[in-house]
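Participant: What follows is a structure written as structure tokens; I'll ask about it next.
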2 protein chains.
Amino acid sequence: MEEKLFLYNSLSRKKEKFEPVNPPYVGMYVCGPTVYGDAHLGHARPAVTFDLLFRYLLHLGYKVRYVRNITDVGHLENDADSGEDKIAKKAKIEQLEPMEIAQFYINRYHREMQKLNVLDPSIEPHASGHIIEQIELIKVILEKGYAYESNGSVYFDVEKYNKNYNYGKLSGRVLDDLYCNTRELDGQSEKRNSFDFALWKKASPEHIMRWSSPWSDGFPGWHLECSAMGHKYLGEKFDIHGGGMDLLFPHHECELAQNTVAIGEETVKYWVHNNMITINGQKMGKSLGNFITLEEMFSGSNKILERPYSPMTIRFFILQAHYRSTLDFSNEALQAAEKGLTRLLKGYEVLSKLNPDNESSVDAETIMSKCYDAINDDLNSPIVISYLFDAIKIINSVACGNEKIDRKNLDTLKDIFNIFLFNILGIKNDSSDSQENSEVLKNVLAMVLELRSQAKANKDYATSDLIRNELSKLGITIKDKKDGCEWEIN
Amino acid sequence: MEEKLFLYNSLSRKKEKFEPVNPPYVGMYVCGPTVYGDAHLGHARPAVTFDLLFRYLLHLGYKVRYVRNITDVGHLENDADSGEDKIAKKAKIEQLEPMEIAQFYINRYHREMQKLNVLDPSIEPHASGHIIEQIELIKVILEKGYAYESNGSVYFDVEKYNKNYNYGKLSGRVLDDLYCNTRELDGQSEKRNSFDFALWKKASPEHIMRWSSPWSDGFPGWHLECSAMGHKYLGEKFDIHGGGMDLLFPHHECELAQNTVAIGEETVKYWVHNNMITINGQKMGKSLGNFITLEEMFSGSNKILERPYSPMTIRFFILQAHYRSTLDFSNEALQAAEKGLTRLLKGYEVLSKLNPDNESSVDAETIMSKCYDAINDDLNSPIVISYLFDAIKIINSVACGNEKIDRKNLDTLKDIFNIFLFNILGIKNDSSDSQENSEVLKNVLAMVLELRSQAKANKDYATSDLIRNELSKLGITIKDKKDGCEWEIN
């Protein structure tokens, strides 16, 4: 396992060589969904991005423990940590137990992720299932003097932290600017400074989700869960912490502060952030009301969509942009992605039918090593994809006899597709399943074409033309070849 | 919603009219899997049994909150509450984080349940995610004087409980018999009596799964989780508690004791237990090493199996026995189930092609009401199935012209299948998916049969016979009928 992978570290603001803390083990923590609504396109991007990283690390032979949490409590309505709990609010509307809503959306999230061929993380801890660990962490932060209790709630003392450490080191925010930027909000009077964030919130009497603690019956602050669960499952120092760029501040900045106080040093070696999906240049998000759910994407049931897009089209669309670039949604872009993906999959089919020559006029090894260079360069999936398209050109040239390929290069080309397209980029050949199902169809069509050949041999052109025309009506094209004929379903 | 459903209550040992505590709401708690291995046939039975009950309650119009827990901690090796934690033990073997193993098997369990068409429960709480709730419950039981601390662990005082209440009232065990029956086991010296059970266990230093508590760093006893999570999500008094009969003692007996002390009265109105799946007359279970996993069932990869059995065959096999009868595994029984299911599904296809007459010699309404009577009689699914077979006889009689059916009876017959076979028994027509996929195949075959008709019309019997024979080789049978012909894939 030669280490050639470079990852952009949001903390150092540069690409760094990836060297695990404790090889061959790699610990990766990624912020998962808040389960109070259906997953939308904006949720697909981190899921696919870190699935790409997970798959590549596994490919490199690392033993990866990938933790992706479920936020089912404590995610407050706004950054200032006040307002209602998002999940509890929805529960009151629907007159349901909050956990019933959380479960509903967890199940749906899992099914969407399966469709996108996103691998299961190793552990998927629930925030509500780690209240004790969060309470323990608060105790440590209180003991170390970087938090204070106020009216049953506990807040992190950002000003004090910033005297000894650097609040803003991850996000680039400057504390001085925050003094004026934060608005007055409910519950803020309990805080020494408006930018202090809650570690524990006392629950109001009508609040459903609540646990006992040394300070009050209440619930943990949002930023705490990731610190607590990261440490629990990955240890005090681990390799990668990922998430969307919108989580850099305040979420990850606060997490880093909590970790630094609790552990005494930085916990995470590489902070990795994917950029946002935009729609008409605006971030796509629940709060903005401009989101398209994955279910709508797959079924086409959103008026913004010209038609449905398959899960693999969505996945390929996401991978066609580098994860740190913004990615703007449009029907045109998705249709282009679909076309590109179809070209790759058709090319792969042609490849699997090629016969090797004794000599080769093509060099597949170079393409393979270029693909590795691209993926090693901060997971540059669009460049990997461009090399796959180069491979398709070669395949087509060989197929029409303009180039020659020998066994070794043929095998390498197949490896390129298996390793990069299917294994690392995680593309699944959707149509291959249904093709297997219709083994019968293949046999029946072979028989029909045989009937047609016989008719032609008997100069019964009425019948042979009838067969061609009838199949054509069904969307099946017959291509006459030197040595028989082939068919294709349009 | 007229209440005609009777359920056998293990507590009263008789069938009782089902009357919810707080209609139209129904709370149902079922003991779910311990996730330290793959689900086997023995796990499919409670899942399918309580899915049947869940589906029927929903059909009756109740608003059901169905809680099925995940035991990911605290399930000890034997009834005496000593020995290693099953999940932690496996973790040591595989050098993995226990939660990584739990997650692995949770994901697999979910996929198997999906294949069996078992509906998702409303909430699926994890034992490890409810440590605080369990600690709170222990505090209450300690305060009420029915538990004692011993060396950092807390035990339930069965003898004292039995003085004021009745330990054994659910399972029929008599405490006097238990004095001599229990063996001396590790940790037992901490207990006042060998039959006392742990509410909290102090963790040995090497124990991985541990949480802080007022008594020690440790973990909760197995019986506690269901009491705690049942109350949390369903309230102090709820309708149904389900599980396998093997859980009657000690698990449910202990749970009832905990609830009675904590709440002051009985919590559960109806205790419902499914019987076991046996193999050669022995209970199928992990500890006995004679189990067949569901994955093996579906793939046929177990030497006991003559061939694979589809998830719907397994489901139907389970439903063909009453849930309170034992069900003995054999290849013969599964193949008979498969045959029966195929007959029902083929009959339903015939039904959907029947045309109504002006008069009717059959009475579908009576079958419908018999099906309701059977399901209302403690979920008598085998009787429901026998009436569905009666319906098939009628359908076939109508199809060959021996009986007449009018629109009203035809619709009722369709309703019977939709309500009972598909909706309540939860059978999914597996083949209908692939049939949809092969819409093209249908069209192509229609064309082939048309070619054959033309050949016959032209007295070109060589061609018409050729088509029949070639299709036959592909496993497709042509049936000539008065008004054309039909085909069937064998």
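Identifiers in this document derive from the order of the structure tokens: chains are assigned A, B, ..., residues are numbered from 1 separately in each chain, and ligands are numbered from 1 in order of occurrence.
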Based on only C-alpha atoms, which of the residues in chain A come within 6 Å of chain B? I want them as a PyMOL selection string.
Facilitator: chain A and resi 100+103+122-123+129+441
Participant: Residues of the last selection are to be written out with C-alpha atoms, as a compact mmCIF listing (two decimals), in the first residue's frame.
Facilitator:
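Contents of selection_7.txt, as written:
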```txt
# COMPACT_ATOMS: atom_id res chain seq x y z
CA GLU A 100 -41.53 7.47 14.84
CA GLN A 103 -37.50 6.03 12.03
CA SER A 122 -19.41 0.40 9.31
CA ILE A 123 -21.34 2.03 12.15
CA GLY A 129 -28.52 6.75 21.52
CA LEU A 441 -36.21 -13.00 -24.34
```
Participant: Which residues are near Asn117 in chain A? Cut-off 9 Å, only C-alpha atoms, ignore same chain within fewer than 6 positions. Put them as a PyMOL selection string.
Facilitator: chain A and resi 48+51+311-312+315+426-428
Participant: Those same residues - N, CA and C atoms - I'd like them written as a PDB file, in the first residue's frame.
Facilitator:
```pdb
ATOM      1  N   VAL A  48     -22.350  10.340  -1.683  1.00  0.00           N
ATOM      2  CA  VAL A  48     -21.603   9.781  -2.815  1.00  0.00           C
ATOM      3  C   VAL A  48     -20.118  10.142  -2.710  1.00  0.00           C
ATOM      4  N   ASP A  51     -18.585   8.030  -0.051  1.00  0.00           N
ATOM      5  CA  ASP A  51     -18.620   6.657  -0.538  1.00  0.00           C
ATOM      6  C   ASP A  51     -17.455   6.434  -1.506  1.00  0.00           C
ATOM      7  N   PRO A 311     -31.094   6.441 -10.458  1.00  0.00           N
ATOM      8  CA  PRO A 311     -30.094   6.629  -9.399  1.00  0.00           C
ATOM      9  C   PRO A 311     -28.672   6.672  -9.953  1.00  0.00           C
ATOM     10  N   MET A 312     -28.375   5.837 -10.944  1.00  0.00           N
ATOM     11  CA  MET A 312     -27.007   5.821 -11.467  1.00  0.00           C
ATOM     12  C   MET A 312     -26.695   7.095 -12.265  1.00  0.00           C
ATOM     13  N   ARG A 315     -25.830   9.561  -9.553  1.00  0.00           N
ATOM     14  CA  ARG A 315     -24.504   9.272  -9.011  1.00  0.00           C
ATOM     15  C   ARG A 315     -23.423   9.744  -9.987  1.00  0.00           C
ATOM     16  N   GLY A 426     -18.236   3.296  -8.236  1.00  0.00           N
ATOM     17  CA  GLY A 426     -19.452   2.665  -7.689  1.00  0.00           C
ATOM     18  C   GLY A 426     -20.638   2.680  -8.632  1.00  0.00           C
ATOM     19  N   ILE A 427     -20.355   2.655  -9.941  1.00  0.00           N
ATOM     20  CA  ILE A 427     -21.464   2.596 -10.894  1.00  0.00           C
ATOM     21  C   ILE A 427     -21.928   1.156 -11.013  1.00  0.00           C
ATOM     22  N   LYS A 428     -23.234   0.996 -11.034  1.00  0.00           N
ATOM     23  CA  LYS A 428     -23.840  -0.326 -11.108  1.00  0.00           C
ATOM     24  C   LYS A 428     -24.508  -0.394 -12.473  1.00  0.00           C
TER      25      LYS A 428
END
```
Participant: If you run DSSP on the backbone here, which positions in range 17-140 of chain A get alpha helix (DSSP H)? Please write them as a ChimeraX atom specification.
Facilitator: /A:41-59,86-94,98-115,131-140
Participant: Would you kindly return, as number ranges by chain, each protein, DNA or RNA residue with an atom no farther than 8 Å from any atom of range 255-260 of chain B, considering only C-alpha atoms and excluding same-chain residues fewer than 2 positions away?
Facilitator: B: 141, 161, 167, 170, 223-224, 226-227, 251-253, 262-267
Participant: Could the residues in this selection be saved with N, CA and C atoms as a compact mmCIF listing (two decimals), in the first residue's frame?
Facilitator:
```
# COMPACT_ATOMS: atom_id res chain seq x y z
N ILE B 141 -36.98 1.13 40.66
CA ILE B 141 -37.15 -0.20 41.28
C ILE B 141 -36.39 -0.27 42.61
N TYR B 161 -40.35 -9.71 45.70
CA TYR B 161 -41.41 -9.43 44.73
C TYR B 161 -42.52 -10.46 44.86
N TYR B 167 -44.61 -13.93 41.06
CA TYR B 167 -43.56 -14.23 40.08
C TYR B 167 -43.86 -15.59 39.48
N LEU B 170 -47.04 -15.19 34.47
CA LEU B 170 -47.11 -15.23 33.01
C LEU B 170 -46.68 -16.60 32.48
N HIS B 223 -33.24 -8.09 30.50
CA HIS B 223 -34.70 -7.94 30.60
C HIS B 223 -35.14 -6.49 30.68
N LEU B 224 -34.19 -5.63 31.06
CA LEU B 224 -34.56 -4.25 31.35
C LEU B 224 -34.91 -3.44 30.12
N CYS B 226 -36.48 -3.96 27.37
CA CYS B 226 -37.83 -3.99 26.82
C CYS B 226 -38.80 -3.22 27.73
N SER B 227 -38.60 -3.34 29.04
CA SER B 227 -39.43 -2.54 29.96
C SER B 227 -39.22 -1.05 29.68
N HIS B 251 -37.41 -14.12 30.17
CA HIS B 251 -37.42 -12.73 29.71
C HIS B 251 -38.72 -11.98 30.03
N HIS B 252 -39.83 -12.50 29.56
CA HIS B 252 -41.08 -11.75 29.74
C HIS B 252 -41.57 -11.79 31.18
N GLU B 253 -41.31 -12.90 31.86
CA GLU B 253 -41.68 -12.97 33.28
C GLU B 253 -40.97 -11.85 34.06
N ALA B 262 -42.38 -0.96 38.79
CA ALA B 262 -42.12 0.42 38.38
C ALA B 262 -43.40 1.21 38.20
N ILE B 263 -44.39 0.60 37.56
CA ILE B 263 -45.63 1.31 37.24
C ILE B 263 -46.67 1.12 38.34
N GLY B 264 -46.55 0.05 39.10
CA GLY B 264 -47.51 -0.20 40.17
C GLY B 264 -48.66 -1.07 39.71
N GLU B 265 -48.75 -1.31 38.42
CA GLU B 265 -49.79 -2.21 37.92
C GLU B 265 -49.28 -2.83 36.64
N GLU B 266 -50.05 -3.76 36.10
CA GLU B 266 -49.58 -4.40 34.88
C GLU B 266 -49.61 -3.44 33.69
N THR B 267 -48.60 -3.56 32.87
CA THR B 267 -48.41 -2.64 31.77
C THR B 267 -49.07 -3.11 30.49
```
Participant: I need the residue nearest His207 in chain B from this list: B:Leu119, B:Arg111, B:Lys63, B:Phe219. Use only C-alpha atoms for the distance.
Facilitator: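 Distance minimum relative to His207 in chain B lands on B:Phe219.
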Participant: At a cut-off of 9 Å, using only C-alpha atoms, what residues contact Arg55 in chain A? Leave out same-chain residues fewer than 5 positions from it and give the result as a compact mmCIF listing (two decimals) with C-alpha atoms, in the first residue's frame.
Facilitator:
```txt
# COMPACT_ATOMS: atom_id res chain seq x y z
CA PHE A 50 -17.49 9.92 0.99
CA LEU A 60 -6.02 0.52 -1.47
CA LEU A 119 -22.07 1.28 0.66
CA ASN A 423 -15.59 -0.58 -7.98
CA ILE A 424 -14.31 2.91 -7.11
CA LEU A 425 -16.83 5.19 -8.81
CA GLY A 426 -19.45 2.67 -7.69
```
Participant: Which residue is closest to Leu57 in chain B? Choose from B:Met284, B:Ala147, B:Val174, B:Ile375 and count only C-alpha atoms.
Facilitator: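 Ranked by minimum distance to Leu57 in chain B, first place goes to B:Ile375.
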Participant: Please return, as a list in words, all residues of range 281-448 of chain A that DSSP assigns to strand (DSSP E) on the basis of the backbone.
Facilitator: Gln282, Lys283, Leu327, Asp328 and Phe329 of chain A
Participant: Keeping N, CA and C atoms, export the residues of the selection given above as a JSON list (two decimals), in the first residue's frame.
Facilitator:
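Once written, part-v5.json looks like this:
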```
[["chain", "number", "residue", "atom", "x", "y", "z"],
["A", 282, "GLN", "N", -28.15, 28.92, -6.39],
["A", 282, "GLN", "CA", -28.45, 28.98, -4.95],
["A", 282, "GLN", "C", -28.23, 27.60, -4.33],
["A", 283, "LYS", "N", -27.73, 27.56, -3.09],
["A", 283, "LYS", "CA", -27.59, 26.28, -2.39],
["A", 283, "LYS", "C", -28.95, 25.59, -2.33],
["A", 327, "LEU", "N", -21.78, 22.31, -7.90],
["A", 327, "LEU", "CA", -22.39, 21.49, -8.96],
["A", 327, "LEU", "C", -23.78, 22.04, -9.15],
["A", 328, "ASP", "N", -24.04, 22.61, -10.32],
["A", 328, "ASP", "CA", -25.33, 23.26, -10.52],
["A", 328, "ASP", "C", -26.30, 22.29, -11.19],
["A", 329, "PHE", "N", -27.48, 22.18, -10.56],
["A", 329, "PHE", "CA", -28.51, 21.31, -11.10],
["A", 329, "PHE", "C", -29.13, 21.91, -12.36]]
```
Participant: Distance CA of Val73 in chain A-CA of Gly27 in chain B, one decimal place?
Facilitator: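 Going from CA of Val73 in chain A over to CA of Gly27 in chain B covers 22.9 Å.
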Participant: Could you tell me how far CA of His322 in chain B sits from CA of Leu247 in chain B, in Å to one decimal place?
Facilitator: 18.4 Å
Participant: Identify, on the basis of only C-alpha atoms, every residue whose closest approach to Leu178 in chain A does not exceed 12 Å; exclude the query and any residue fewer than 5 positions from it along the same chain; express the result as a list in words.
Facilitator: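 After dropping sequence-adjacent residues, the list is Ala80, Val158, Glu159, Tyr167, Gly168, Gly172, Arg173, Arg183, Asn193, Ser194, Phe195, Asp196, Phe249 and Pro250 of chain A.
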Participant: Could you list, as a PyMOL selection string, every residue within 12 Å of Thr342 in chain B, counting only C-alpha atoms and ignoring same-chain residues fewer than 3 positions away?
Facilitator: chain B and resi 310+312-313+316+335-339+345-349+389+392+427-431+490
Participant: Separation of CA of Arg468 in chain B and CA of Asn469 in chain A, in Å?
Facilitator: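 Result for CA of Arg468 in chain B versus CA of Asn469 in chain A: 21.9 Å, one decimal.
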Participant: Using only C-alpha atoms, which of the listed residues (B:Glu149, B:Asp460, B:Asp465, B:Glu486) sits closest to Ser216 in chain B?
Facilitator: B:Glu149
